[in-house]
Amino acid sequence: MQEEFSQALIHSGLSYTIIKPVGLFSGLHDLVTMAKWGLLLTPGDASSKTNPIHQRDLAHFCCQHLEDANAVLEVGGSEIHSRQEVANLVCRMTQCRFNFNVPLFLVKSGIKLMRLLDRNLYDKLSFFTYITTHDMVAPAYGQRKYETYLREEEDLAWVKSGQRYRYSQK
């Protein structure tokens with residue numbers, strides 16, 4: 001969907017700047033949520049690499065490129081981690097009891113069954129599986145480290161609000 005919009009914008013004749021972050025630190029909150037329940041599952045062998053970026057570093061990057069014309073810019077954070085390193089770090093910070101890699105054939109089989117039950121959940125799980133089993137690395141930008149971010153997040157309370165999680169000070 002995002003790529004379709006990007007292509008339409010590029011071919012529209014309008015001036016554009018498209019910024020493609022490889023991932024955000026805050027986008028990994030679902031891993032923290034799972035780990036706080038005591039179990040973290042990672043599809044496949046977790047060897048794929050990623051370099052998510054802190055939201056503030058991304059905002060700074062965007063401000064620096066506000067006037068770039070007709071540009072498509074990929075950006076990632078300062079550190080590259082394997083998915084296993086991310087999972088281990090999250091487990092260490094949350095005192096997760098179980099951290100497992102689920103064989104990819106099992107994950108894909110389960111996702112196929114999910115398609116019959118809930119198309120929306122199927123789409124989300126398919127996307128999650130894709131990004132966690134493929135390298136997602138972009139040119140590095142910023143100074144913030146994921147481990148530091150997680151340490152800072154420990155000071156926040158997780159408050160469940162419907163289907164979404166928000167953060168509030170303890």
# chains A, B, ... in the order shown; residues from 1 in each chain; ligands from 1
>>> closest_atom_pairs(of="region 23-57 of chain A", to="region 93-100 of chain A", cutoff="12 Å", atoms="only C-alpha atoms", output="JSON lines")
{"residue": "A:His29", "atom": "CA", "partner": "A:Thr94", "partner_atom": "CA", "distance": 11.6}
{"residue": "A:Leu31", "atom": "CA", "partner": "A:Thr94", "partner_atom": "CA", "distance": 10.1}
{"residue": "A:Val32", "atom": "CA", "partner": "A:Thr94", "partner_atom": "CA", "distance": 7.1}
{"residue": "A:Thr33", "atom": "CA", "partner": "A:Thr94", "partner_atom": "CA", "distance": 9.0}
{"residue": "A:Met34", "atom": "CA", "partner": "A:Cys96", "partner_atom": "CA", "distance": 8.6}
{"residue": "A:Ala35", "atom": "CA", "partner": "A:Cys96", "partner_atom": "CA", "distance": 5.0}
{"residue": "A:Lys36", "atom": "CA", "partner": "A:Thr94", "partner_atom": "CA", "distance": 5.7}
{"residue": "A:Trp37", "atom": "CA", "partner": "A:Cys96", "partner_atom": "CA", "distance": 7.4}
{"residue": "A:Gly38", "atom": "CA", "partner": "A:Cys96", "partner_atom": "CA", "distance": 4.5}
{"residue": "A:Leu39", "atom": "CA", "partner": "A:Phe98", "partner_atom": "CA", "distance": 4.8}
{"residue": "A:Leu40", "atom": "CA", "partner": "A:Asn99", "partner_atom": "CA", "distance": 4.8}
{"residue": "A:Leu41", "atom": "CA", "partner": "A:Phe100", "partner_atom": "CA", "distance": 5.0}
{"residue": "A:Thr42", "atom": "CA", "partner": "A:Phe100", "partner_atom": "CA", "distance": 6.3}
{"residue": "A:Pro43", "atom": "CA", "partner": "A:Phe100", "partner_atom": "CA", "distance": 8.6}
{"residue": "A:Gly44", "atom": "CA", "partner": "A:Phe100", "partner_atom": "CA", "distance": 9.6}
{"residue": "A:Asp45", "atom": "CA", "partner": "A:Phe100", "partner_atom": "CA", "distance": 9.5}
{"residue": "A:Ala46", "atom": "CA", "partner": "A:Phe100", "partner_atom": "CA", "distance": 9.7}
>>> residues_around(residues="region 18-21 of chain A", least_positions_apart="2", cutoff="7 Å", atoms="only C-alpha atoms", output="ChimeraX atom specification")
/A:16,23,71-76
>>> select_by_dssp(residues="chain A", states="strand (DSSP E or B)", output="number ranges by chain")
A: 17-21, 24, 39-43, 49-50, 53, 71-76, 81-82, 98-102, 136, 140, 156-161, 164-169
>>> closest_residue(among="A:Gln143, A:Ser126, A:Thr132, A:Asn120", to="Ala87 (chain A)", atoms="only C-alpha atoms")
A:Thr132
>>> select_by_dssp(residues="region 5-141 of chain A", states="alpha helix (DSSP H)", output="PyMOL selection string")
chain A and resi 5-10+29-36+55-64+83-94+104-117+119-133
>>> residues_around(residues="Lys145 (chain A)", least_positions_apart="2", cutoff="12 Å", atoms="only C-alpha atoms", output="MDAnalysis selection string")
chainID A and resid 24:25 51:57 76:81 86 89 140:143 147:152
